[in-house]
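**Student:** Could you have a look at this structure, given as structure tokens, before my questions?
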Amino acid sequence: MTAVLSTGTAPPSARALSGADFDPGNIISDGNFYNGSAMSEAEIQRFLESVVGSCANSNCLAAYRADTPTRTWSFGTCGTYHGAPAESAARIIFKVQQACNLSAKVILVTLQKEQSLLTNRAPSDGVMRKAMGYGCPDTAACDSTYYGFFNQVFAAGRQLTWYGNPGGSFTYIKVGAYNWIRYKPDASCGSKSVLVKNRATAALYYYTPYTPNDAALANLGGTGDDCSAYGNRNFWVFYNNWFGPSAGPDGRTLIAAEYSAQGGPGGHLGQPITEVVVIPQNGGGLGQAFQNGSIYWTPATGALTVRAGPLRDYYFQLGGAAGPMGWPMLNQQSIPDNGGGLGQLFTGGSLYSSPAGTFLVKDPIRGGYFEQNGAAGPMGWPVADQTCGLPLGACGQRFAAGEVLWTPAGGAHSIWGAIRAGFVKAGGIGGAWGAPTSALVTLGGGAGVGQAFARGSAYATGSIAYFVDGAIRDLYFAHGGATGRLGFPTNAESCRADGTCVQEFQFGVITAPPTGPARIAAPDIDAQHAALGGATGVLGRPSGLMVYYPYGGGGLAQGYTGGAIFRKNGLGAFGVFGPVRDGYFANNGAAGPLGWPTGQIVCGTPVGACSQTFEGGVVLSNSATGAFAVRGAILEAYAQSGSGGGTWGWPVTHTVPLPGGWGQAFTAGSAYAFGNESAIFVSGAIRDTYFRVGGATGPLGFPVTTAACGLPGAGCEQAFQNGSVYWSRATGAHSVTGQFLVAYRVAGGPLGAWGYPLTSEVALPYRGGGTGQAFQGASIYASTSTGAQSVAEPIRAHYFAQAGAAGPLGFPTGPVSCSPNGCAQSFQGGAIRTDAYGALLP
């Protein structure tokens with residue numbers, strides 16, 4: 001494998017390294033090398049960011065992302081790598097660490113010593129192709145089979161662990177014996193006899209078969225002489241500078257260090273209660289018990305603590321390190337997510353304790369749980385132990401928000417949310433969907449989720465999952481699936497008696513006949529188009545793709561050059577075109593209050609008039625007035641009036657919301673509906689007056705009665721929430737409100753002596769201000785100090801002769817008082833008295 005010549009810009013060591021410290025037979029210990037839990041994904045990412053600084057291109061390892069395949073090597077000791085889209089370099093390294101039980105620190109150091117990738121802010125594509133130097137011997141060109149970052153990391157991980165397999169094919173470097181190791185490919189540079197002390201060091205020599213000479217070791221940060229090789233020297237330098245001693249102390253020393261890190265005798269572990277003992281099971285290691293926990297060490301895992309508590313209790317029930325759980329791989333973790341709890345990783349499984357109880361999650365289930373971030377992910381905490389012997393040879397385990405299922409054919413995968421609900425409804429592991437064969441993944445930038453099963457695929461954008469299978473799925477996948485032109489499924493597949501199956505998607509419908517290929521089409525939309533004349537009819541040719549709208553339960557729309565066809569399940573497919581379409585779109589179409597069409601466009605008299613019904617109303621069009629929607633309580637009253645041929649005429653506005661109700665203008669007047677009450681029509685001169693004072697948003701409010709006519713003088717009255725409007729041929733229309741209306745009604749209204757109003761109430765600025773209103777037989781006044789008082793004939797004539805409220809008399813202060821001898825009334829500035837004949841008295 002090729003290697004960079006010098007250590008370049010590696011970060012400084014915590015202590016100064018010396019070439020004299022380099023042991024060619026123990027470059028790195030087996031425990032530091034074969035460690036599948038050396039770093040978490042987050043630790044790897046943070047390390048990359050700290051080393052590289054700011055990235056200058058997308059190949060930079062702190063920013064790099066790539067889609068990865070699922071791969072199982074035909075040889076070697078690595079497990080299957082489960083691919084995924086857009087994985088970061090940190091995640092690829094972390095997953096190879098787990099699959100191959102090879103320390104991420106070893107992978108990181110190899111990337112640096114081979115191509116300086118960790119300190120390169122802008123690696124080229126060529127450098128990325130041979131990132132680990134795998135398949136790139138010093139004496140020949142690189143093997144293009146292994147080009148690419150993922151290929152390099154996984155292939156090199158496989159090779160490095162395979163080299164160290166005691167039962168493997170690589171035996172010419174003898175562990176525990178002296179071996180002749182060259183200084184350089186050039187045989188004339190000579191060799192060195194090296195006592196290779198462990199498998200990890202042997203693996204490094206298989207990978208890079210040269211040991212540094214004295215010149216290379218004398219200048220650890222630079223170059224030596226013509227016979228110097230640098231690969232294994234630089235590996236050692238980088239590892240020690242970044243991660244501490246690569247060879248490491250022995251197990252007993254590491255147990256003592258872990259005990260000290262946990263606080264020693266004064267810490268939570270308390271006093272030791274046993275000596276360090278050898279535990280030969282599960283590959284062998286060491287252990288020591290303390291008052292409140294135990295520390296275990298193996299070369300592969302290092303020294304780790306199992307603290308007293310529910311996790312240790314369960315661990316001991318299963319036999320501790322000698323049992324199926326094996327050795328701890330991480331110390332106990334406090335996980336705050338999903339209500340909080342404790343977790344700890346072991347070689348044979350993971351233990352979790354939460355308010356739901358303490359449970360073991362082990363392989364093969366654990367892989368599916370981990371692919372969704374374990375207890376911190378959407379599955380939450382385990383609520384039961386693993387169960388096997390299920391249909392299809394499956395094993396399963398329940399979690400707070402779902403379950404993980406494993407089958408020999410499909411592997412282990414998590415199922416939760418709407419997809420799990422659909423899976424259970426379909427019969428579970430032995431049902432119509434079959435076993436899950438992929439992880440549940442987010443699609444469309446978070447628009448929905450999807451998951452593959454043995455017999456099809458399930459998708460959900462809300463609380464309901466829809467299954468896609470057979471010929472429909474084949475065509476769906478051919479068009480990109482949920483992220484392609486059709487989008488997510490919006491209904492389950494339905495099949496007719498003739499064997500034709502149909503399934504709706506957001507942007508189209510797939511129809512699969514019993515014979516022949518499936519196609520993207522909506523039969524009822526096609527039938528409606530044909531019924532309207534097809535491409536030469538009113539709609540014309542299709543324009544754009546079919547579109548799914550989620551509004552009002554969801555449906556499909558197909559645009560044409562002359563209109564559109566809208567289709568909702570249970571309602572049918574209907575064309576919307578011409579002026580009706582304009583009125584429909586003015587109300588936001590299917591997304592608006594009208595919803596989806598429920599019938600065809602109907603045209604008739606007068607010529608050019610058409611109407612179409614929708615879920616939320618009717619759109620009427622007339623060549624003389626335009627197209628407008630009528631809805632709700634106004635629509636009900638409009639229908640009772642005879643619709644377009646009735647007394648209201650044709651709408652000239654849409655139904656519009658008003659504070660507390662609705663309003664709409666028609667050719668013959670305007671209709672208003674307050675709250676859920678019936679609509680009332682206002683027309684003619686009364687409407688003109690109503691509009692002058694602000695209509696429904698003015699002082700009168702909404703109408704409460706229809707206009708009542710047949711009053712004296714062919715007059716009419718219409719009541720509103722806060723007053724009434726009166727009309728006669730002689731006086732026109734005027735409103736009466738408040739205390740004036742009370743007094744007017746006491747006086748008999750238009751049937752009384754006052755007759756009809758001649759004006760509406762007006763403001764009078766005299767003597768501190770007030771208001772007044774004239775009627776045929778009287779006038780009424782009110783000021784802040786006098787209250788409402790009427791002035792009738794004959795006193796009104798004399799009052800007007802003195803300029804009324806604007807004159808010296810001001811506002812009336814009391815009612816008129818009459819006797820057989822005459823009448824009298826007091827005002828702010830005096831009084832008016834008349835004799836029996838109406839003449840003014842002094």
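In the structure tokens, chains take letters A, B, ... by order of appearance, with residues numbered from 1 within each chain and ligands from 1 in the order shown.
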Could you go through range 310-387 of chain A and tell me which residues DSSP, when run on the backbone, assigns to strand (DSSP E or B), listing them as a VMD selection string?

**Tutor:** chain A and resid 328 333 to 335 341 to 346 349 to 354 357 to 361 382 387

**Student:** With a distance cut-off of 6 Å and only C-alpha atoms, select the neighbouring residues of Phe453 in chain A, excluding the residue or stretch itself and same-chain residues fewer than 3 positions from it, and output the selection as a list in words.

**Tutor:**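 In the requested format, the answer is Gly434, Ala435, Pro436, Thr437, Gly456 and Ser457 of chain A.
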
**Student:** Residues of the last selection are to be written out with N, CA and C atoms, as a JSON list (two decimals), in the first residue's frame.

**Tutor:**
```
[["chain", "number", "residue", "atom", "x", "y", "z"],
["A", 434, "GLY", "N", -45.74, -9.63, 4.23],
["A", 434, "GLY", "CA", -44.51, -10.37, 4.43],
["A", 434, "GLY", "C", -43.59, -9.64, 5.40],
["A", 435, "ALA", "N", -42.35, -10.09, 5.48],
["A", 435, "ALA", "CA", -41.40, -9.53, 6.44],
["A", 435, "ALA", "C", -40.77, -8.24, 5.90],
["A", 436, "PRO", "N", -40.40, -7.30, 6.80],
["A", 436, "PRO", "CA", -39.68, -6.10, 6.33],
["A", 436, "PRO", "C", -38.31, -6.49, 5.79],
["A", 437, "THR", "N", -37.91, -5.84, 4.71],
["A", 437, "THR", "CA", -36.61, -6.12, 4.09],
["A", 437, "THR", "C", -35.73, -4.89, 4.00],
["A", 456, "GLY", "N", -43.90, -6.29, -1.21],
["A", 456, "GLY", "CA", -44.23, -4.97, -1.72],
["A", 456, "GLY", "C", -43.57, -3.90, -0.89],
["A", 457, "SER", "N", -44.10, -2.68, -0.99],
["A", 457, "SER", "CA", -43.55, -1.55, -0.25],
["A", 457, "SER", "C", -44.69, -0.75, 0.35]]
```

**Student:** Where in range 60-123 of chain A does DSSP assign alpha helix (DSSP H), given as a PyMOL selection string?

**Tutor:** chain A and resi 89-100+104-115

**Student:** Those selected residues, please, written with N, CA and C atoms and delivered as a PDB file, in the first residue's frame.

**Tutor:**
```
ATOM      1  N   ALA A  89     -18.757  10.672   5.965  1.00  0.00           N
ATOM      2  CA  ALA A  89     -17.521   9.914   6.138  1.00  0.00           C
ATOM      3  C   ALA A  89     -17.454   9.331   7.549  1.00  0.00           C
ATOM      4  N   ALA A  90     -17.889  10.120   8.544  1.00  0.00           N
ATOM      5  CA  ALA A  90     -17.873   9.623   9.927  1.00  0.00           C
ATOM      6  C   ALA A  90     -18.754   8.388  10.078  1.00  0.00           C
ATOM      7  N   ARG A  91     -19.918   8.407   9.445  1.00  0.00           N
ATOM      8  CA  ARG A  91     -20.824   7.251   9.574  1.00  0.00           C
ATOM      9  C   ARG A  91     -20.252   6.031   8.861  1.00  0.00           C
ATOM     10  N   ILE A  92     -19.650   6.227   7.697  1.00  0.00           N
ATOM     11  CA  ILE A  92     -19.035   5.105   6.973  1.00  0.00           C
ATOM     12  C   ILE A  92     -17.935   4.481   7.827  1.00  0.00           C
ATOM     13  N   ILE A  93     -17.087   5.324   8.403  1.00  0.00           N
ATOM     14  CA  ILE A  93     -16.001   4.817   9.253  1.00  0.00           C
ATOM     15  C   ILE A  93     -16.572   4.098  10.468  1.00  0.00           C
ATOM     16  N   PHE A  94     -17.599   4.689  11.092  1.00  0.00           N
ATOM     17  CA  PHE A  94     -18.212   4.078  12.281  1.00  0.00           C
ATOM     18  C   PHE A  94     -18.808   2.721  11.946  1.00  0.00           C
ATOM     19  N   LYS A  95     -19.509   2.614  10.817  1.00  0.00           N
ATOM     20  CA  LYS A  95     -20.169   1.354  10.464  1.00  0.00           C
ATOM     21  C   LYS A  95     -19.155   0.279  10.066  1.00  0.00           C
ATOM     22  N   VAL A  96     -18.042   0.684   9.408  1.00  0.00           N
ATOM     23  CA  VAL A  96     -16.991  -0.287   9.101  1.00  0.00           C
ATOM     24  C   VAL A  96     -16.320  -0.743  10.399  1.00  0.00           C
ATOM     25  N   GLN A  97     -16.123   0.185  11.333  1.00  0.00           N
ATOM     26  CA  GLN A  97     -15.591  -0.184  12.651  1.00  0.00           C
ATOM     27  C   GLN A  97     -16.422  -1.305  13.257  1.00  0.00           C
ATOM     28  N   GLN A  98     -17.752  -1.172  13.210  1.00  0.00           N
ATOM     29  CA  GLN A  98     -18.631  -2.184  13.788  1.00  0.00           C
ATOM     30  C   GLN A  98     -18.638  -3.462  12.973  1.00  0.00           C
ATOM     31  N   ALA A  99     -18.719  -3.320  11.641  1.00  0.00           N
ATOM     32  CA  ALA A  99     -18.821  -4.506  10.792  1.00  0.00           C
ATOM     33  C   ALA A  99     -17.557  -5.354  10.865  1.00  0.00           C
ATOM     34  N   CYS A 100     -16.402  -4.721  10.980  1.00  0.00           N
ATOM     35  CA  CYS A 100     -15.127  -5.446  10.923  1.00  0.00           C
ATOM     36  C   CYS A 100     -14.454  -5.590  12.289  1.00  0.00           C
ATOM     37  N   ALA A 104     -11.987   2.547  14.788  1.00  0.00           N
ATOM     38  CA  ALA A 104     -12.082   3.732  13.930  1.00  0.00           C
ATOM     39  C   ALA A 104     -10.800   4.548  13.979  1.00  0.00           C
ATOM     40  N   LYS A 105     -10.080   4.480  15.092  1.00  0.00           N
ATOM     41  CA  LYS A 105      -8.808   5.202  15.197  1.00  0.00           C
ATOM     42  C   LYS A 105      -7.809   4.654  14.189  1.00  0.00           C
ATOM     43  N   VAL A 106      -7.812   3.337  14.003  1.00  0.00           N
ATOM     44  CA  VAL A 106      -6.919   2.718  13.013  1.00  0.00           C
ATOM     45  C   VAL A 106      -7.295   3.188  11.610  1.00  0.00           C
ATOM     46  N   ILE A 107      -8.598   3.257  11.319  1.00  0.00           N
ATOM     47  CA  ILE A 107      -9.046   3.697   9.991  1.00  0.00           C
ATOM     48  C   ILE A 107      -8.641   5.146   9.764  1.00  0.00           C
ATOM     49  N   LEU A 108      -8.857   6.007  10.753  1.00  0.00           N
ATOM     50  CA  LEU A 108      -8.518   7.424  10.614  1.00  0.00           C
ATOM     51  C   LEU A 108      -7.018   7.601  10.381  1.00  0.00           C
ATOM     52  N   VAL A 109      -6.223   6.893  11.162  1.00  0.00           N
ATOM     53  CA  VAL A 109      -4.764   7.008  11.012  1.00  0.00           C
ATOM     54  C   VAL A 109      -4.335   6.508   9.642  1.00  0.00           C
ATOM     55  N   THR A 110      -4.937   5.425   9.155  1.00  0.00           N
ATOM     56  CA  THR A 110      -4.577   4.887   7.839  1.00  0.00           C
ATOM     57  C   THR A 110      -4.936   5.862   6.730  1.00  0.00           C
ATOM     58  N   LEU A 111      -6.091   6.531   6.828  1.00  0.00           N
ATOM     59  CA  LEU A 111      -6.475   7.544   5.838  1.00  0.00           C
ATOM     60  C   LEU A 111      -5.452   8.663   5.778  1.00  0.00           C
ATOM     61  N   GLN A 112      -4.898   9.028   6.946  1.00  0.00           N
ATOM     62  CA  GLN A 112      -3.902  10.098   6.962  1.00  0.00           C
ATOM     63  C   GLN A 112      -2.558   9.607   6.438  1.00  0.00           C
ATOM     64  N   LYS A 113      -2.144   8.438   6.849  1.00  0.00           N
ATOM     65  CA  LYS A 113      -0.798   7.988   6.460  1.00  0.00           C
ATOM     66  C   LYS A 113      -0.740   7.588   4.994  1.00  0.00           C
ATOM     67  N   GLU A 114      -1.909   7.221   4.412  1.00  0.00           N
ATOM     68  CA  GLU A 114      -1.915   6.840   3.002  1.00  0.00           C
ATOM     69  C   GLU A 114      -2.085   8.040   2.068  1.00  0.00           C
ATOM     70  N   GLN A 115      -3.015   8.970   2.383  1.00  0.00           N
ATOM     71  CA  GLN A 115      -3.322  10.056   1.460  1.00  0.00           C
ATOM     72  C   GLN A 115      -3.450  11.432   2.130  1.00  0.00           C
TER      73      GLN A 115
END
```

**Student:** Any idea what's packed within 7 Å of range 521-533 of chain A, counting only C-alpha atoms, ignoring anything in its chain fewer than 6 positions away? Could you give it as a VMD selection string?

**Tutor:** chain A and resid 508 to 511 565 573 to 574

**Student:** Store the residues picked out above in a file with C-alpha atoms, as a JSON list (two decimals), in the first residue's frame.

**Tutor:**
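Output file selection-v8.json is given in full below:
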```json
[["chain", "number", "residue", "atom", "x", "y", "z"],
["A", 508, "GLY", "CA", -51.37, 10.20, -11.08],
["A", 509, "VAL", "CA", -53.15, 6.86, -11.12],
["A", 510, "ILE", "CA", -51.68, 3.50, -12.11],
["A", 511, "THR", "CA", -54.05, 1.08, -13.80],
["A", 565, "ILE", "CA", -61.14, 17.58, -14.58],
["A", 573, "ALA", "CA", -64.79, 12.98, -12.04],
["A", 574, "PHE", "CA", -66.21, 16.25, -13.40]]
```

**Student:** Mind checking which residues fall within 7 Å of Ala66 in chain A, counting only C-alpha atoms, ignoring those fewer than 4 positions away in the same chain, and posting them as a list of chain:residue names?

**Tutor:**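 Contacts, with the query itself left out: A:Pro85, A:Ala86, A:Glu87, A:Ser88.
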
**Student:** Find the distance between CA of Val278 in chain A and CA of Pro245 in chain A and write it in Å to one decimal.

**Tutor:**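 Between CA of Val278 in chain A and CA of Pro245 in chain A the gap works out to 24.3 Å.
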
**Student:** Using only C-alpha atoms, which residue out of A:Trp242, A:Phe477, A:Tyr726, A:Phe467 lies closest to Gln503 in chain A?

**Tutor:** A:Phe467

**Student:** Which residues are near Gly231 in chain A? Cut-off 12 Å, only C-alpha atoms, ignore same chain within fewer than 2 positions. Put them as number ranges by chain.

**Tutor:** A: 1-7, 27, 109-116, 132-133, 138, 183-184, 204-213, 216-217, 220, 223, 228-229, 233-238

**Student:** What lies within 10 Å of Ser334 in chain A using only C-alpha atoms, ignoring chain neighbours under 5 positions off, as JSON, numbers by chain?

**Tutor:** {"A": [340, 341, 342, 343, 344, 352, 353]}

**Student:** Using only C-alpha atoms, which residues sit within 8 Å of range 172-182 of chain A once same-chain residues fewer than 6 positions away are excluded, as a list in words?

**Tutor:**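 My reading of the contact set: Cys189, Gly190, Ser191, Lys192, Ser193, Val194, Leu195, Val196, Lys197, Asn198, Arg199, Ala202, Tyr206, Pro209, Tyr210 and Thr211 of chain A.
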
**Student:** So how far away is CA of Ala792 in chain A from CA of Cys716 in chain A, in Å?

**Tutor:** 23.1 Å
